[in-house]
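Participant: Structure: input_4.tsv, TSV, C-alpha atoms.
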```
chain	number	residue	atom	x	y	z
T	1	MET	CA	0.00	0.00	0.00
T	2	ASN	CA	1.25	3.43	-0.88
T	3	ASP	CA	-1.69	5.80	-0.95
T	4	LYS	CA	-1.77	9.54	-0.56
T	5	ILE	CA	-4.85	11.45	0.61
T	6	SER	CA	-4.66	15.25	0.49
T	7	LEU	CA	-7.02	17.87	1.84
T	8	SER	CA	-6.94	21.62	1.57
T	9	ILE	CA	-8.75	22.96	4.63
T	10	PRO	CA	-9.88	26.51	5.47
T	11	THR	CA	-8.01	27.89	8.49
T	12	LYS	CA	-11.23	28.07	10.48
T	13	SER	CA	-11.59	26.22	13.78
T	14	GLU	CA	-14.86	24.54	12.78
T	15	TYR	CA	-13.03	22.47	10.13
T	16	VAL	CA	-10.53	20.88	12.53
T	17	SER	CA	-13.10	18.21	13.41
T	18	VAL	CA	-13.27	17.27	9.70
T	19	ALA	CA	-9.51	16.62	9.77
T	20	ARG	CA	-9.79	14.60	12.99
T	21	LEU	CA	-12.61	12.42	11.69
T	22	THR	CA	-10.81	11.85	8.39
T	23	SER	CA	-7.68	10.76	10.26
T	24	SER	CA	-9.59	8.25	12.37
T	25	VAL	CA	-11.25	6.69	9.30
T	26	ILE	CA	-7.89	6.34	7.50
T	27	ALA	CA	-6.18	4.91	10.60
T	28	ASN	CA	-9.05	2.48	11.14
T	29	ASN	CA	-8.90	1.30	7.53
T	30	MET	CA	-5.16	0.68	7.91
T	31	GLY	CA	-5.70	-1.61	10.89
T	32	PHE	CA	-4.56	0.55	13.81
T	33	ASP	CA	-6.16	-0.42	17.14
T	34	ILE	CA	-8.61	1.80	19.03
T	35	GLU	CA	-5.98	3.40	21.26
T	36	GLU	CA	-3.69	4.13	18.31
T	37	ILE	CA	-6.58	5.59	16.31
T	38	GLU	CA	-7.32	7.89	19.25
T	39	ASP	CA	-3.64	8.91	19.46
T	40	ILE	CA	-3.58	9.74	15.73
T	41	LYS	CA	-6.85	11.67	15.98
T	42	VAL	CA	-5.59	13.78	18.89
T	43	ALA	CA	-2.22	14.43	17.22
T	44	VAL	CA	-3.89	15.48	13.95
T	45	GLY	CA	-6.24	17.73	15.94
T	46	GLU	CA	-3.24	19.40	17.61
T	47	ALA	CA	-1.38	19.90	14.32
T	48	CYS	CA	-4.49	21.43	12.72
T	49	ASN	CA	-5.19	23.58	15.81
T	50	ASN	CA	-1.68	24.93	15.37
T	51	ALA	CA	-2.33	25.79	11.71
T	52	VAL	CA	-5.61	27.53	12.54
T	53	LEU	CA	-4.32	29.40	15.60
T	54	HIS	CA	-1.24	30.71	13.80
T	55	THR	CA	-3.12	31.94	10.73
T	56	HIS	CA	-5.34	34.89	11.43
T	57	ASP	CA	-6.48	35.43	7.87
T	58	VAL	CA	-9.61	33.28	7.57
T	59	ASP	CA	-9.40	33.32	3.76
T	60	HIS	CA	-6.35	31.06	3.95
T	61	THR	CA	-6.22	27.30	3.75
T	62	PHE	CA	-3.72	24.80	5.09
T	63	ASP	CA	-2.69	21.46	3.60
T	64	LEU	CA	-3.22	18.13	5.33
T	65	SER	CA	-1.78	15.01	3.69
T	66	PHE	CA	-1.90	11.38	4.75
T	67	PHE	CA	0.57	8.85	3.33
T	68	ALA	CA	-0.81	5.38	4.03
T	69	GLU	CA	2.00	2.86	3.66
T	70	ASN	CA	2.22	-0.82	4.55
T	71	GLU	CA	3.82	-0.36	7.93
T	72	LYS	CA	3.15	3.24	8.79
T	73	LEU	CA	0.97	6.29	8.46
T	74	ILE	CA	2.72	9.58	7.78
T	75	ILE	CA	0.77	12.79	8.27
T	76	GLU	CA	1.88	16.21	7.07
T	77	VAL	CA	0.33	19.55	7.97
T	78	LYS	CA	1.59	22.65	6.22
T	79	ASP	CA	0.38	26.19	6.80
T	80	SER	CA	1.52	29.58	5.60
T	81	GLY	CA	0.64	31.31	8.85
T	82	LYS	CA	2.83	33.41	11.10
T	83	GLY	CA	5.00	30.51	12.26
T	84	PHE	CA	6.82	30.50	15.57
T	85	ALA	CA	10.36	30.39	16.90
T	86	LEU	CA	11.09	26.75	17.77
T	87	ASP	CA	13.90	27.90	20.07
T	88	SER	CA	11.33	29.45	22.38
T	89	TYR	CA	9.46	26.16	22.84
T	90	ARG	CA	9.68	24.73	26.34
T	91	GLU	CA	8.26	21.45	27.57
T	92	PRO	CA	5.43	21.81	30.12
T	93	ASP	CA	6.56	22.79	33.63
T	94	LEU	CA	4.19	21.43	36.25
T	95	GLU	CA	5.35	23.88	38.89
T	96	ASN	CA	4.19	26.65	36.63
T	97	PRO	CA	1.52	25.22	34.29
T	98	LYS	CA	0.72	27.36	31.26
T	99	GLU	CA	-2.45	27.56	29.20
T	100	HIS	CA	-0.49	27.31	25.93
T	101	GLY	CA	2.28	25.13	24.53
T	102	LEU	CA	0.81	21.71	25.30
T	103	GLY	CA	0.05	20.85	21.66
T	104	ILE	CA	3.59	20.04	20.54
T	105	PHE	CA	4.23	18.02	23.67
T	106	ILE	CA	1.04	15.99	23.07
T	107	MET	CA	1.93	15.28	19.41
T	108	LYS	CA	5.42	14.21	20.43
T	109	SER	CA	4.08	11.89	23.13
T	110	LEU	CA	1.40	10.22	21.01
T	111	MET	CA	3.24	9.72	17.72
T	112	ASP	CA	6.35	7.60	17.03
T	113	ASP	CA	8.13	10.39	15.19
T	114	LEU	CA	7.59	14.15	14.97
T	115	LYS	CA	9.39	16.73	12.89
T	116	ILE	CA	8.54	20.42	12.96
T	117	ASP	CA	9.93	23.18	10.78
T	118	SER	CA	8.70	26.64	11.51
T	119	GLU	CA	9.88	30.06	10.63
T	120	VAL	CA	8.43	33.32	11.89
T	121	GLY	CA	6.48	34.95	9.07
T	122	LYS	CA	6.67	31.94	6.76
T	123	GLY	CA	4.54	29.24	8.33
T	124	THR	CA	4.92	25.80	9.82
T	125	PHE	CA	5.43	22.29	8.49
T	126	ILE	CA	4.65	19.33	10.74
T	127	ARG	CA	5.42	15.74	9.75
T	128	MET	CA	4.47	12.91	12.08
T	129	THR	CA	4.58	9.15	11.79
T	130	LYS	CA	2.78	6.29	13.49
T	131	TYR	CA	3.96	2.72	12.87
T	132	LEU	CA	1.59	-0.24	12.67
T	133	ASN	CA	2.11	-3.10	15.15
T	134	ARG	CA	4.65	-1.37	17.31
V	1	MET	CA	-19.55	16.32	18.36
V	2	ALA	CA	-20.70	19.49	20.07
V	3	LEU	CA	-20.16	20.14	23.74
V	4	ASP	CA	-22.96	19.91	26.31
V	5	ILE	CA	-22.33	21.56	29.69
V	6	GLN	CA	-24.60	20.78	32.64
V	7	LYS	CA	-23.97	22.82	35.76
V	8	VAL	CA	-25.53	22.87	39.20
V	9	PHE	CA	-24.40	23.96	42.66
V	10	ASN	CA	-23.97	21.00	44.98
V	11	ASN	CA	-25.02	22.34	48.41
V	12	GLU	CA	-24.07	19.17	50.22
V	13	ARG	CA	-20.46	19.28	49.06
V	14	ASP	CA	-20.28	23.06	48.60
V	15	VAL	CA	-18.90	22.76	45.06
V	16	TRP	CA	-19.94	23.58	41.51
V	17	ASP	CA	-20.92	20.33	39.87
V	18	ILE	CA	-20.25	20.37	36.13
V	19	SER	CA	-20.92	17.54	33.71
V	20	LEU	CA	-19.38	17.60	30.26
V	21	ALA	CA	-20.58	15.59	27.27
V	22	GLY	CA	-19.09	15.59	23.76
V	23	ASP	CA	-15.90	17.33	22.67
V	24	VAL	CA	-13.88	20.11	24.29
V	25	ASP	CA	-11.83	21.35	21.36
V	26	ILE	CA	-10.67	24.47	19.54
V	27	VAL	CA	-14.32	25.37	18.82
V	28	SER	CA	-15.92	24.67	22.20
V	29	SER	CA	-13.16	25.38	24.73
V	30	VAL	CA	-14.07	29.09	24.90
V	31	GLU	CA	-17.66	28.12	25.68
V	32	LEU	CA	-16.42	25.99	28.59
V	33	LYS	CA	-14.20	28.79	29.88
V	34	ASP	CA	-16.99	31.39	29.70
V	35	ASN	CA	-19.58	29.14	31.32
V	36	VAL	CA	-17.40	28.22	34.28
V	37	ASN	CA	-16.12	31.77	34.78
V	38	VAL	CA	-19.74	32.95	35.04
V	39	LEU	CA	-20.32	30.40	37.81
V	40	LEU	CA	-17.15	31.48	39.64
V	41	ASP	CA	-18.15	35.15	39.30
V	42	ARG	CA	-21.34	34.23	41.10
V	43	ASP	CA	-19.64	32.18	43.80
V	44	GLU	CA	-15.93	31.33	44.13
V	45	LYS	CA	-16.05	27.65	45.05
V	46	SER	CA	-14.29	24.43	44.19
V	47	ILE	CA	-15.33	22.66	40.99
V	48	GLN	CA	-16.10	19.05	40.32
V	49	ILE	CA	-16.06	18.09	36.65
V	50	ASN	CA	-17.77	14.85	35.71
V	51	CYS	CA	-16.15	13.60	32.48
V	52	GLU	CA	-18.11	10.36	32.10
V	53	HIS	CA	-19.59	11.48	28.77
V	54	LEU	CA	-16.65	13.58	27.61
V	55	SER	CA	-15.34	11.87	24.50
V	56	TYR	CA	-12.54	14.21	23.42
V	57	ILE	CA	-10.34	16.97	24.79
V	58	ASP	CA	-7.39	18.71	23.16
V	59	SER	CA	-4.70	21.15	24.26
V	60	THR	CA	-7.06	24.13	24.00
V	61	GLY	CA	-9.45	22.37	26.40
V	62	LEU	CA	-6.61	21.42	28.74
V	63	GLY	CA	-5.46	25.07	28.59
V	64	VAL	CA	-8.91	26.17	29.76
V	65	LEU	CA	-8.77	23.70	32.66
V	66	ILE	CA	-5.36	25.11	33.64
V	67	SER	CA	-6.63	28.71	33.55
V	68	LEU	CA	-9.67	27.73	35.65
V	69	LEU	CA	-7.41	25.92	38.12
V	70	LYS	CA	-5.26	29.04	38.50
V	71	ARG	CA	-8.39	31.04	39.30
V	72	VAL	CA	-9.84	28.62	41.87
V	73	LYS	CA	-6.43	28.11	43.54
V	74	LYS	CA	-6.22	31.86	44.20
V	75	ASN	CA	-9.24	31.38	46.44
V	76	GLY	CA	-7.90	28.24	48.07
V	77	ASN	CA	-10.19	25.99	46.03
V	78	GLU	CA	-9.61	22.91	43.86
V	79	ILE	CA	-10.76	21.25	40.66
V	80	GLU	CA	-11.72	17.60	40.89
V	81	ILE	CA	-12.00	15.51	37.72
V	82	THR	CA	-14.15	12.39	37.94
V	83	ASN	CA	-14.96	9.43	35.66
V	84	ALA	CA	-12.50	10.35	32.92
V	85	GLN	CA	-12.51	7.90	30.00
V	86	PRO	CA	-9.20	6.13	29.23
V	87	ASN	CA	-8.34	8.46	26.32
V	88	ILE	CA	-8.89	11.55	28.50
V	89	SER	CA	-6.94	10.04	31.43
V	90	LYS	CA	-4.08	9.27	29.07
V	91	LEU	CA	-3.81	12.90	27.95
V	92	LEU	CA	-3.97	14.19	31.53
V	93	LYS	CA	-1.26	11.72	32.47
V	94	ILE	CA	1.19	12.43	29.64
V	95	THR	CA	0.88	16.17	30.20
V	96	GLY	CA	1.33	15.66	33.96
V	97	LEU	CA	-1.93	17.49	34.62
V	98	ASP	CA	-3.23	14.48	36.57
V	99	LYS	CA	-0.90	15.67	39.34
V	100	ILE	CA	-2.32	19.17	39.63
V	101	PHE	CA	-6.01	18.26	39.43
V	102	ILE	CA	-7.67	15.95	41.93
V	103	MET	CA	-8.43	12.81	39.91
V	104	LYS	CA	-11.22	10.49	41.06
```
Here is the file; what I need is its structure written in the form of structure tokens.

Facilitator:
Amino acid sequence: MNDKISLSIPTKSEYVSVARLTSSVIANNMGFDIEEIEDIKVAVGEACNNAVLHTHDVDHTFDLSFFAENEKLIIEVKDSGKGFALDSYREPDLENPKEHGLGIFIMKSLMDDLKIDSEVGKGTFIRMTKYLNR
Amino acid sequence: MALDIQKVFNNERDVWDISLAGDVDIVSSVELKDNVNVLLDRDEKSIQINCEHLSYIDSTGLGVLISLLKRVKKNGNEIEITNAQPNISKLLKITGLDKIFIMK
């Protein structure tokens, strides 16, 4: 199997659920178990939240692509929003919990591999992978 | 799925009793924040959140819970989370938030 599914989604919060549901259908079809499907759904939700929250122009869209392969599902989310400085990212500090910044940590925890490229003013590219039977 | 918020003051336990059903996500998290802040404006008390029918929460929802916790802590109160489904418990655990909320 080597299938690609691509969506171009408006950067409006009400469409994030479309991305989440699509991800769970694809993961289910590939044979991931219920817990893994939930992990993928949450991670996709976080990546899409990021695209929506960092793009204030509602006329924009962001790209969501799924690469369904025999042993893994690769998901890419690319936006042309305001981006962020990766250097400023800090993992959650329980002594001083913050309302923001949990998304990246959640994606990293739930997926087997996570790669983020972001540049202020240019947008963000997120690539994450979940392996089957791991 | 949309979010349903049921809220009532529990006189016996002296807490706000809130039941959530559906999804707390980028669309509905503001609704949760506004609803609970209205209750706290009326009476600053501890909060008990029943998550039995909560099927999904994301980082925006967790962010709202953190901001509400900061507010209730200022008044010496707590937030108790009950009946969380396994997927919700997992997220609270990996983010370490299970240690700052009272989990039951």

Participant: Leaving out Thr82 (chain V) and any residue of its chain fewer than 2 positions from it, which residues lie within 12 Å of it when counting all atoms listed in the file, given as a PyMOL selection string?

Facilitator: chain V and resi 17-20+47-54+79-80+84-86+88-89+98+101-104

Participant: Would you compute the distance between CA of Val64 (chain V) and CA of Lys82 (chain T)? Give it in Å to one decimal.

Facilitator: 23.2 Å

Participant: Give me, as a ChimeraX atom specification, the residues of chain V touching chain T, with the criterion being at most 12 Å (counting only C-alpha atoms).

Facilitator: /V:1-2,23-30,33,55-70,85-88,90-101

Participant: Store the residues picked out above, limited to C-alpha atoms, as a PDB file, in the coordinates of the input.

Facilitator:
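This went into selection_7.pdb:
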```
ATOM      1  CA  MET V   1     -19.550  16.320  18.360  1.00  0.00           C
ATOM      2  CA  ALA V   2     -20.700  19.490  20.070  1.00  0.00           C
ATOM      3  CA  ASP V  23     -15.900  17.330  22.670  1.00  0.00           C
ATOM      4  CA  VAL V  24     -13.880  20.110  24.290  1.00  0.00           C
ATOM      5  CA  ASP V  25     -11.830  21.350  21.360  1.00  0.00           C
ATOM      6  CA  ILE V  26     -10.670  24.470  19.540  1.00  0.00           C
ATOM      7  CA  VAL V  27     -14.320  25.370  18.820  1.00  0.00           C
ATOM      8  CA  SER V  28     -15.920  24.670  22.200  1.00  0.00           C
ATOM      9  CA  SER V  29     -13.160  25.380  24.730  1.00  0.00           C
ATOM     10  CA  VAL V  30     -14.070  29.090  24.900  1.00  0.00           C
ATOM     11  CA  LYS V  33     -14.200  28.790  29.880  1.00  0.00           C
ATOM     12  CA  SER V  55     -15.340  11.870  24.500  1.00  0.00           C
ATOM     13  CA  TYR V  56     -12.540  14.210  23.420  1.00  0.00           C
ATOM     14  CA  ILE V  57     -10.340  16.970  24.790  1.00  0.00           C
ATOM     15  CA  ASP V  58      -7.390  18.710  23.160  1.00  0.00           C
ATOM     16  CA  SER V  59      -4.700  21.150  24.260  1.00  0.00           C
ATOM     17  CA  THR V  60      -7.060  24.130  24.000  1.00  0.00           C
ATOM     18  CA  GLY V  61      -9.450  22.370  26.400  1.00  0.00           C
ATOM     19  CA  LEU V  62      -6.610  21.420  28.740  1.00  0.00           C
ATOM     20  CA  GLY V  63      -5.460  25.070  28.590  1.00  0.00           C
ATOM     21  CA  VAL V  64      -8.910  26.170  29.760  1.00  0.00           C
ATOM     22  CA  LEU V  65      -8.770  23.700  32.660  1.00  0.00           C
ATOM     23  CA  ILE V  66      -5.360  25.110  33.640  1.00  0.00           C
ATOM     24  CA  SER V  67      -6.630  28.710  33.550  1.00  0.00           C
ATOM     25  CA  LEU V  68      -9.670  27.730  35.650  1.00  0.00           C
ATOM     26  CA  LEU V  69      -7.410  25.920  38.120  1.00  0.00           C
ATOM     27  CA  LYS V  70      -5.260  29.040  38.500  1.00  0.00           C
ATOM     28  CA  GLN V  85     -12.510   7.900  30.000  1.00  0.00           C
ATOM     29  CA  PRO V  86      -9.200   6.130  29.230  1.00  0.00           C
ATOM     30  CA  ASN V  87      -8.340   8.460  26.320  1.00  0.00           C
ATOM     31  CA  ILE V  88      -8.890  11.550  28.500  1.00  0.00           C
ATOM     32  CA  LYS V  90      -4.080   9.270  29.070  1.00  0.00           C
ATOM     33  CA  LEU V  91      -3.810  12.900  27.950  1.00  0.00           C
ATOM     34  CA  LEU V  92      -3.970  14.190  31.530  1.00  0.00           C
ATOM     35  CA  LYS V  93      -1.260  11.720  32.470  1.00  0.00           C
ATOM     36  CA  ILE V  94       1.190  12.430  29.640  1.00  0.00           C
ATOM     37  CA  THR V  95       0.880  16.170  30.200  1.00  0.00           C
ATOM     38  CA  GLY V  96       1.330  15.660  33.960  1.00  0.00           C
ATOM     39  CA  LEU V  97      -1.930  17.490  34.620  1.00  0.00           C
ATOM     40  CA  ASP V  98      -3.230  14.480  36.570  1.00  0.00           C
ATOM     41  CA  LYS V  99      -0.900  15.670  39.340  1.00  0.00           C
ATOM     42  CA  ILE V 100      -2.320  19.170  39.630  1.00  0.00           C
ATOM     43  CA  PHE V 101      -6.010  18.260  39.430  1.00  0.00           C
TER      44      PHE V 101
END
```

Participant: What lies within 10 Å of Pro10 (chain T) using only C-alpha atoms, ignoring chain neighbours under 6 positions off, as a list in words?

Facilitator: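 Residues meeting the cut-off are Val16, Ala51, Val52, Asp57, Val58, Asp59, His60, Thr61, Phe62 and Asp63 of chain T.
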
Participant: Enclose region 91-102 of chain T, meaning all of its atoms listed in the file, in a box aligned along x, y and z, pad it by 3 Å on each side, and list the centre and edge lengths in Å to one decimal, as JSON.

Facilitator:
```
{"center_x": 2.9, "center_y": 24.5, "center_z": 31.7, "size_x": 16.7, "size_y": 12.1, "size_z": 20.4}
```

Participant: In Å to one decimal, how far is CA of Asp79 (chain T) from CA of Gly123 (chain T)?

Facilitator: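 CA of Asp79 (chain T) lies 5.4 Å from CA of Gly123 (chain T).
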
Participant: When you draw a straight line from CA of Val120 (chain T) to CA of Thr11 (chain T), how long is it in Å?

Facilitator: 17.6 Å

Participant: So that I can see what lies close to region 129-133 of chain T, please list as a PyMOL selection string the residues with an atom at most 7 Å from it, counting only C-alpha atoms and leaving out residues fewer than 2 positions away in the same chain.

Facilitator: chain T and resi 32+71-75+111-114+127

Participant: Between T:Val25, T:Ser80, T:Ala68, T:Asp33, which is the closest to His56 (chain T) once you count all atoms listed in the file?

Facilitator: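 Checking each candidate against His56 (chain T), we get T:Ser80 as the closest.
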
Participant: Using only C-alpha atoms, which protein or nucleic acid residues come within 10 Å of Val15 (chain V)? Drop anything in the same chain fewer than 4 positions from it, and give the result as a PDB file with C-alpha atoms, in the coordinates of the input.

Facilitator:
```pdb
ATOM      1  CA  VAL V   8     -25.530  22.870  39.200  1.00  0.00           C
ATOM      2  CA  PHE V   9     -24.400  23.960  42.660  1.00  0.00           C
ATOM      3  CA  ASN V  10     -23.970  21.000  44.980  1.00  0.00           C
ATOM      4  CA  ASN V  11     -25.020  22.340  48.410  1.00  0.00           C
ATOM      5  CA  ASP V  43     -19.640  32.180  43.800  1.00  0.00           C
ATOM      6  CA  GLU V  44     -15.930  31.330  44.130  1.00  0.00           C
ATOM      7  CA  LYS V  45     -16.050  27.650  45.050  1.00  0.00           C
ATOM      8  CA  SER V  46     -14.290  24.430  44.190  1.00  0.00           C
ATOM      9  CA  ILE V  47     -15.330  22.660  40.990  1.00  0.00           C
ATOM     10  CA  GLN V  48     -16.100  19.050  40.320  1.00  0.00           C
ATOM     11  CA  ASN V  77     -10.190  25.990  46.030  1.00  0.00           C
ATOM     12  CA  GLU V  78      -9.610  22.910  43.860  1.00  0.00           C
ATOM     13  CA  ILE V  79     -10.760  21.250  40.660  1.00  0.00           C
ATOM     14  CA  GLU V  80     -11.720  17.600  40.890  1.00  0.00           C
TER      15      GLU V  80
END
```
